[in-house]
Amino acid sequence: MASDDTRPDPDALIARIRSDEARATRGKLRIYFGSSAGVGKTYAMLAAAGLARKQGTDVIAGIVETHGRAETAALLQSLEILPRRSMGAGALQEFDLDAALTRKPGLILVDELAHSNVTGSRHPKRWQDVDELIGAGIDVWTTLNVQHLESLNDVVGGITGIRVQETLPDTFFDRADEVVLVDTPADELLARLKRGKVYGGPQAERAAANFFRKGNLMALRELALRRTADRVENDVQEYRVERSIGRVWKTDPSILCCIGPDDSGEHVVRSAAVLAQQLAVPWHAVYVETPSLQRLPPEHRERILRTVRLAEDLGATTAVLPSSTVAEAVIEHAREHNLSKIVMGHHPASFWRSAATLAQQVGRLAPDVDLIEIGGSTARGRATPVKDGAGRRSGTFRPAGYLVAVAVCALLTALTLPLEAVLVEANIVMLFLLAVVGIALRYGRGPAALASLINVLAFDFFFVPPRLSFTVADVQYVLTFAVMLAVGLIVGQLTAGLRYQASVATHRERRSRSLFEIARDLSSVLTIEQVVEAAAGAVSREFRARAHVFVLDANDRLQSPVPAPEGAGLDEGTARWAFDHRQPAGLGTDTIAGSDWLYLPLNAPMRTRGVLALRPDDPRFLLVPEQRRQLETFAALTAIALERVHYVDVAQSATVQMESERLRNSLLAALSHDLRTPLAGLVGLAETLGMTGSALSSAQKEIAEGIRTSAMRMSAQVNNLLDMARIESGDVRLRREWNSIEEIVGSALRLTRPLLLPRHVLTDVPANLPLVECDAVLIERVLVNLLENAAKYTPTTARVLVAARVDGQEMCVAVEDDGPGIRPGKETEIFEKFTRGQRESAISGVGLGLAICKAIVEAHGGSIFVAPGRTSGARFTFTLPIGEPPPVLAEHEDAAAQGAP
Amino acid sequence: MTEPRPLVLIVEDERAIRQFVRAALMREGMSVFESDTLSQGKADVKARRHDLLIVDLGLPDGDGVDLISEVRASSGVPIIVLSARSAEADKVRALDAGADDYVEKPFGISELLARVRANLRRHHADAPSDESPVVIGDVVIDRAARVVKKAARAVHLTPIEYRLLEVLLANAGRVLTHRYLLREVWGPAHVEHNEYLRVFMRNLRHKLEEDPALPKMLVTETGVGYRLVSS
């Protein structure tokens, strides 16, 4: 077990390697981090950039604010400055993201990471620009103040009384490759402020009075130091995982944050984020939507969903759980994801609801779970500048229901009054209850409650003695009233709940039916156009929106198979962005939020297949999570259908290709058989002729031998031509195995010995050469061709050397002779087809040998070239990549004793 | 006892080839029969007891390998395959099906005759039950004593090297495919581990060959296998 503990967790290592891989292609992010304005972040960044530039880094200043500080401006002057982009009226200037991407420097300086971009920019936030720069492989240096960190935003607000609107998600801060803390003690900062180094003139006075109080500065400094320390600790942990110094990969169960419907949700989320960060555990955030919460006014729901989004920005895995009991849904989610700490807002039991608080319910249902209740935010009053004017639980107030309730009660009273003598009081009560049930069924809970109340009052007034008075003679009736009211309210509540459930079920059924329909439609279509039509049609029907689908063509460009609606404001650039980044863009997203259209990438399992664009009649529908999910499912189905159609095409063209390849191969095989067989006959017959003994004169025998050698030569040429045809048709299929070069050299020499003799052949092949993964037959072919050339082009007195050696990651094999050599300037030409060393000479051949060698060696990933020999002649060298040879089981030498002495 | 004339069957569709092969074999004092199709070859094999078969792989009505496996199921008669150059896969297939040797087209008469004689001789001398020492050049292999000597000096072989040599020696002159050697020496689980064979063959050559890069005894048949040349 001890050894287990010291081993690095494989999952952790894989995660690390993955993130390293992702990081390798991405640029690096360095953040100059400080406690407040004026500590010298921009100055430190510029100073470091100047140094980097001197060391040869291609650095430019993307956007740098000097705030009129002379020292900073002086540093900036030495750098190349990217021109800013004028927005709108021209008065507004903004960082020019596209210019930076086009310029593609090695390193770019982008000041003030938390800055919000001018409306009309691609991204609402500057950190998103930075993210895109890093994604494009550009290193970015930037600056940030602690108060802009999302998770510390309300803490800082509480300290300083000023809540900044520009925030940066902590996940982005934590993803930075380096954080450089720029620290200045509070006194020095105040002194600097007095000297006017931070802000010049009267601005300094005002700023100092509000923000730059010594207490504030000290608190902010502590926050910045602590946040940096947390980050450093994470780095240390990462390092320890990698170096297996200790098993610190947390298996601690993580945190579940419950987002409540009220204003404290945001505060709870921030607190949970800080907690998760301190414990270094992942965390989840859920919002349980009960039927009553679903009736909240849209603005209120929107705010809750924004809180969910905030949690996501802070690094949580989020979910919206539809359920009727909050506690059960929370516990189920916690169990499913192994979350043993639940964080929720603290709610004192309210006076009108004697039921247990959520915390108590959860505690009762899951006693093993740790509960953390977060108190109300101190900065709450200031934190939510816009109070929800609609108030809580206003629901949708429909006066008609209440009017009908009053009318029904009045009518019922009027009808029963004459029958009083006939009916027993109990029956009158029953009639009243019936009315309540009816109203609850038709108009819901509120009118039913009103009806119950009116009924009790009417019963008291008209039917209980003394009549026409609210006073009661018999105390017994008080019980009747109480029961009547209670039953009325309960029945009303239950009936209304039933009605709600029924409508929820109908909605769900409709949603699944429409999903089923589109799935069915998409599964039967066969062409891209049909998929696009089916998808766009279904989306317009289901979401009451105009829809359009862009799909990828063969050249990786987005195309509209169906003409795009004219003048609807579709923007192909945004579609392309959504496609490239595999993220939604446009309406309701962070990217080009001003657009009327929402662009959803169609992500299929293998790749993104296109973009679904839609413009809903009511933009608000995008905020409803169910609709959003439904839309995403539609997009996924469309993507899968597009992928299926794509692969049908691929399969069809592969079949065609296989057919033609088979045809070509059988043609080549037939050709080779039909050419070789008669040649074999010719060779054999000529030889037989020569062997028939005394019947032939010596001259005739010579002729027979001549026929034989010519036929053999012709056979060799046929082989070359067929091989070249095979290579040309792209059919060099390598049978790669681990082979010994020594062996291939040996068999090549054996095959060419008759040709080479009486030349002196030397080999220089060390015994300890590694195995090489190659096709032995083809590499032998290369050597045979090179040796045949040596035999053809050198005098019989020449010496031929075959040498092999390892050079780095390559095996170099050389065939060298001391013949006449290659004419200078022909070194590359001779490897071309039908090129010969000596044109039209008596030496046979069509000039295919070296071309075949080149094709074979290159198919192995190697290269072939010629150089003059060491003394004279030519030296042909080819290289083969060595790779990683497999281990060969070593024998135990002890066992060898029995095999040999 | 007079040596009977060896009976050879040629299964080959090209008339010219049959013609000169028959002439050459008859000059060697053999009786020769011919088949020009696979089906006829199959019938002929059943009709007579042959001493050797020469089979072309590309026959008009089928694959010669079918004939080889059919013959091999019931008899140990030597089979020589005629095959085209650069069709190593076909050779391996034929050898694995039970063929003993192959000759590449176009071939010389003398080469074919040498192979025919070697195979006939080996077939008759089969079952080397007497474990008398074998001498190949300056190498002496004494199977009874499990001793290998080169130039009169004992050579130390590991058990696997010795086993490899033994298998090659038992099939001297025959081409043994990589698969066959791996199965015989390392066992059926290792038939894909070509690299084992390469490494141990290299070791064996370095111990027994004069020039391991130009082996005379342990010859490589590139893309097919190895052959121990004993003469």
# chains A, B, ... in the order shown; residues from 1 in each chain; ligands from 1
>>> closest_atom_pairs(of="chain B", to="chain A", cutoff="6 Å", atoms="only C-alpha atoms", output="JSON lines")
{"residue": "B:Ala16", "atom": "CA", "partner": "A:Gly681", "partner_atom": "CA", "distance": 5.1}
{"residue": "B:Ile17", "atom": "CA", "partner": "A:Gly681", "partner_atom": "CA", "distance": 4.8}
{"residue": "B:Phe20", "atom": "CA", "partner": "A:Leu685", "partner_atom": "CA", "distance": 5.7}
{"residue": "B:Lys105", "atom": "CA", "partner": "A:Ala680", "partner_atom": "CA", "distance": 5.8}
{"residue": "B:Pro106", "atom": "CA", "partner": "A:Ala680", "partner_atom": "CA", "distance": 4.1}
{"residue": "B:Val147", "atom": "CA", "partner": "A:Ala900", "partner_atom": "CA", "distance": 5.8}
{"residue": "B:His156", "atom": "CA", "partner": "A:Ala900", "partner_atom": "CA", "distance": 5.7}
{"residue": "B:Leu157", "atom": "CA", "partner": "A:Ala900", "partner_atom": "CA", "distance": 5.8}
{"residue": "B:Thr158", "atom": "CA", "partner": "A:Ala896", "partner_atom": "CA", "distance": 4.8}
{"residue": "B:Pro159", "atom": "CA", "partner": "A:Gly899", "partner_atom": "CA", "distance": 4.9}
{"residue": "B:Glu195", "atom": "CA", "partner": "A:Trp738", "partner_atom": "CA", "distance": 5.4}
{"residue": "B:Tyr196", "atom": "CA", "partner": "A:Val888", "partner_atom": "CA", "distance": 5.8}
{"residue": "B:Ala213", "atom": "CA", "partner": "A:Gly746", "partner_atom": "CA", "distance": 4.9}
{"residue": "B:Leu214", "atom": "CA", "partner": "A:Gly746", "partner_atom": "CA", "distance": 4.8}
{"residue": "B:Thr220", "atom": "CA", "partner": "A:Ser747", "partner_atom": "CA", "distance": 5.9}
{"residue": "B:Thr222", "atom": "CA", "partner": "A:Val777", "partner_atom": "CA", "distance": 5.8}
{"residue": "B:Gly223", "atom": "CA", "partner": "A:Val777", "partner_atom": "CA", "distance": 5.4}
>>> write_last_selection(atoms="C-alpha atoms", output="PDB file, in the first residue's frame")
ATOM      1  CA  ALA B  16       5.917 -23.785 -73.280  1.00  0.00           C
ATOM      2  CA  ILE B  17       6.902 -24.102 -69.634  1.00  0.00           C
ATOM      3  CA  PHE B  20      10.886 -27.479 -71.372  1.00  0.00           C
ATOM      4  CA  LYS B 105       9.431 -17.246 -62.645  1.00  0.00           C
ATOM      5  CA  PRO B 106      11.275 -16.797 -64.900  1.00  0.00           C
ATOM      6  CA  VAL B 147      27.028 -29.874 -29.005  1.00  0.00           C
ATOM      7  CA  HIS B 156      27.846 -21.683 -26.719  1.00  0.00           C
ATOM      8  CA  LEU B 157      24.194 -21.548 -27.843  1.00  0.00           C
ATOM      9  CA  THR B 158      21.263 -20.534 -25.695  1.00  0.00           C
ATOM     10  CA  PRO B 159      18.368 -23.037 -25.546  1.00  0.00           C
ATOM     11  CA  GLU B 195      11.210  -9.456 -34.027  1.00  0.00           C
ATOM     12  CA  TYR B 196      12.121 -12.475 -31.836  1.00  0.00           C
ATOM     13  CA  ALA B 213      26.151 -10.079 -43.542  1.00  0.00           C
ATOM     14  CA  LEU B 214      26.793 -12.637 -46.293  1.00  0.00           C
ATOM     15  CA  THR B 220      17.294 -15.340 -45.745  1.00  0.00           C
ATOM     16  CA  THR B 222      13.235 -12.105 -47.890  1.00  0.00           C
ATOM     17  CA  GLY B 223       9.567 -11.682 -47.065  1.00  0.00           C
TER      18      GLY B 223
END
>>> select_by_dssp(residues="stretch 703-882 of chain A", states="alpha helix (DSSP H)", output="count of residues only")
71
>>> atom_distance(atom1="atom CA of A:Leu587", atom2="atom CA of A:Leu622")
8.5 Å
>>> closest_residue(among="B:Arg122, B:Lys150, B:Met26, B:Gly108", to="B:Val135", atoms="only C-alpha atoms")
B:Lys150
>>> residues_around(residues="A:Val164", least_positions_apart="6", cutoff="10 Å", atoms="only C-alpha atoms", output="PyMOL selection string")
chain A and resi 147-150+153-154+156-157+383
>>> write_last_selection(atoms="C-alpha atoms", output="PDB file, in the first residue's frame")
ATOM      1  CA  GLN A 147     -11.972  44.083  -6.713  1.00  0.00           C
ATOM      2  CA  HIS A 148     -12.800  42.918 -10.231  1.00  0.00           C
ATOM      3  CA  LEU A 149     -12.678  39.234  -9.359  1.00  0.00           C
ATOM      4  CA  GLU A 150     -16.185  37.851  -9.528  1.00  0.00           C
ATOM      5  CA  ASN A 153     -16.835  41.322  -5.850  1.00  0.00           C
ATOM      6  CA  ASP A 154     -19.332  41.576  -3.027  1.00  0.00           C
ATOM      7  CA  VAL A 156     -14.839  44.204  -1.772  1.00  0.00           C
ATOM      8  CA  GLY A 157     -18.147  45.984  -2.121  1.00  0.00           C
ATOM      9  CA  ALA A 383     -25.689  45.051  -4.008  1.00  0.00           C
TER      10      ALA A 383
END
>>> atom_distance(atom1="atom CA of A:Ile454", atom2="atom CA of A:Arg442")
17.4 Å
>>> atom_distance(atom1="atom CA of A:Cys774", atom2="atom CA of A:Asp818")
29.0 Å
>>> residues_around(residues="A:Gly40", least_positions_apart="4", cutoff="10 Å", atoms="only C-alpha atoms", output="list in words")
Tyr32, Phe33, Gly34, Ser36, Ala44, Met45, Leu46, Thr72, Thr143, Val182, Asp183, Thr184, Leu189 and Val198 of chain A
>>> closest_atom_pairs(of="stretch 99-153 of chain B", to="stretch 72-92 of chain B", cutoff="9 Å", atoms="only C-alpha atoms", output="JSON lines")
{"residue": "B:Ala99", "atom": "CA", "partner": "B:Ile79", "partner_atom": "CA", "distance": 5.0}
{"residue": "B:Asp100", "atom": "CA", "partner": "B:Ile79", "partner_atom": "CA", "distance": 5.3}
{"residue": "B:Asp101", "atom": "CA", "partner": "B:Ile80", "partner_atom": "CA", "distance": 4.8}
{"residue": "B:Tyr102", "atom": "CA", "partner": "B:Val81", "partner_atom": "CA", "distance": 4.4}
{"residue": "B:Val103", "atom": "CA", "partner": "B:Leu82", "partner_atom": "CA", "distance": 5.1}
{"residue": "B:Glu104", "atom": "CA", "partner": "B:Ser83", "partner_atom": "CA", "distance": 5.2}
{"residue": "B:Lys105", "atom": "CA", "partner": "B:Ala84", "partner_atom": "CA", "distance": 5.0}
{"residue": "B:Pro106", "atom": "CA", "partner": "B:Ala84", "partner_atom": "CA", "distance": 7.6}
{"residue": "B:Phe107", "atom": "CA", "partner": "B:Leu82", "partner_atom": "CA", "distance": 8.9}
{"residue": "B:Arg115", "atom": "CA", "partner": "B:Ile80", "partner_atom": "CA", "distance": 8.0}
{"residue": "B:Val116", "atom": "CA", "partner": "B:Ile80", "partner_atom": "CA", "distance": 7.6}
{"residue": "B:Asn119", "atom": "CA", "partner": "B:Pro78", "partner_atom": "CA", "distance": 6.3}
{"residue": "B:Leu120", "atom": "CA", "partner": "B:Pro78", "partner_atom": "CA", "distance": 7.1}
{"residue": "B:Arg122", "atom": "CA", "partner": "B:Pro78", "partner_atom": "CA", "distance": 8.9}
{"residue": "B:His123", "atom": "CA", "partner": "B:Pro78", "partner_atom": "CA", "distance": 6.8}
>>> residues_around(residues="B:Gly62", least_positions_apart="2", cutoff="12 Å", atoms="only C-alpha atoms", output="ChimeraX atom specification")
/B:11-13,36-42,55-60,64-68
>>> write_last_selection(atoms="N, CA and C atoms", output="compact mmCIF listing (two decimals), in the first residue's frame")
# COMPACT_ATOMS: atom_id res chain seq x y z
N VAL B 11 1.85 -29.44 -62.80
CA VAL B 11 0.53 -28.82 -62.96
C VAL B 11 0.79 -27.37 -63.37
N GLU B 12 0.62 -27.07 -64.63
CA GLU B 12 1.00 -25.74 -65.16
C GLU B 12 0.19 -25.51 -66.44
N ASP B 13 -0.35 -24.30 -66.58
CA ASP B 13 -1.23 -24.08 -67.74
C ASP B 13 -0.46 -23.62 -68.98
N ASP B 36 -2.92 -29.49 -67.09
CA ASP B 36 -2.93 -28.05 -67.38
C ASP B 36 -4.02 -27.31 -66.63
N THR B 37 -4.78 -28.02 -65.80
CA THR B 37 -5.80 -27.32 -65.00
C THR B 37 -5.76 -27.85 -63.58
N LEU B 38 -6.39 -27.12 -62.71
CA LEU B 38 -6.44 -27.51 -61.30
C LEU B 38 -7.23 -28.80 -61.14
N SER B 39 -8.38 -28.88 -61.82
CA SER B 39 -9.24 -30.05 -61.63
C SER B 39 -8.54 -31.31 -62.15
N GLN B 40 -7.83 -31.12 -63.29
CA GLN B 40 -7.14 -32.31 -63.79
C GLN B 40 -6.01 -32.71 -62.85
N GLY B 41 -5.32 -31.71 -62.30
CA GLY B 41 -4.25 -31.98 -61.35
C GLY B 41 -4.77 -32.77 -60.16
N LYS B 42 -5.94 -32.37 -59.67
CA LYS B 42 -6.51 -33.06 -58.51
C LYS B 42 -6.82 -34.52 -58.85
N VAL B 55 3.95 -27.34 -59.01
CA VAL B 55 2.62 -26.74 -59.11
C VAL B 55 2.73 -25.24 -59.37
N ASP B 56 2.03 -24.78 -60.40
CA ASP B 56 1.92 -23.34 -60.65
C ASP B 56 0.76 -22.82 -59.80
N LEU B 57 0.92 -21.62 -59.24
CA LEU B 57 -0.14 -21.13 -58.35
C LEU B 57 -1.31 -20.55 -59.14
N GLY B 58 -1.00 -19.84 -60.26
CA GLY B 58 -2.08 -19.19 -61.00
C GLY B 58 -2.60 -20.08 -62.11
N LEU B 59 -3.53 -20.96 -61.77
CA LEU B 59 -4.09 -21.86 -62.77
C LEU B 59 -5.41 -21.28 -63.28
N PRO B 60 -5.79 -21.61 -64.52
CA PRO B 60 -6.99 -20.96 -65.07
C PRO B 60 -8.26 -21.27 -64.28
N GLY B 64 -3.56 -22.86 -57.07
CA GLY B 64 -2.74 -24.03 -56.82
C GLY B 64 -2.65 -24.41 -55.35
N VAL B 65 -2.85 -23.40 -54.45
CA VAL B 65 -2.75 -23.68 -53.01
C VAL B 65 -3.81 -24.71 -52.60
N ASP B 66 -4.96 -24.69 -53.28
CA ASP B 66 -6.00 -25.68 -52.97
C ASP B 66 -5.48 -27.10 -53.17
N LEU B 67 -4.80 -27.25 -54.29
CA LEU B 67 -4.25 -28.57 -54.60
C LEU B 67 -3.24 -28.99 -53.54
N ILE B 68 -2.38 -28.01 -53.14
CA ILE B 68 -1.33 -28.32 -52.16
C ILE B 68 -1.94 -28.80 -50.85
>>> select_by_dssp(residues="stretch 51-96 of chain B", states="strand (DSSP E)", output="list in words")
Leu52, Leu53, Ile54, Val55, Asp56, Gly58, Leu59, Gly62, Asp63, Ile79, Ile80, Val81, Leu82, Ser83 and Ala84 of chain B
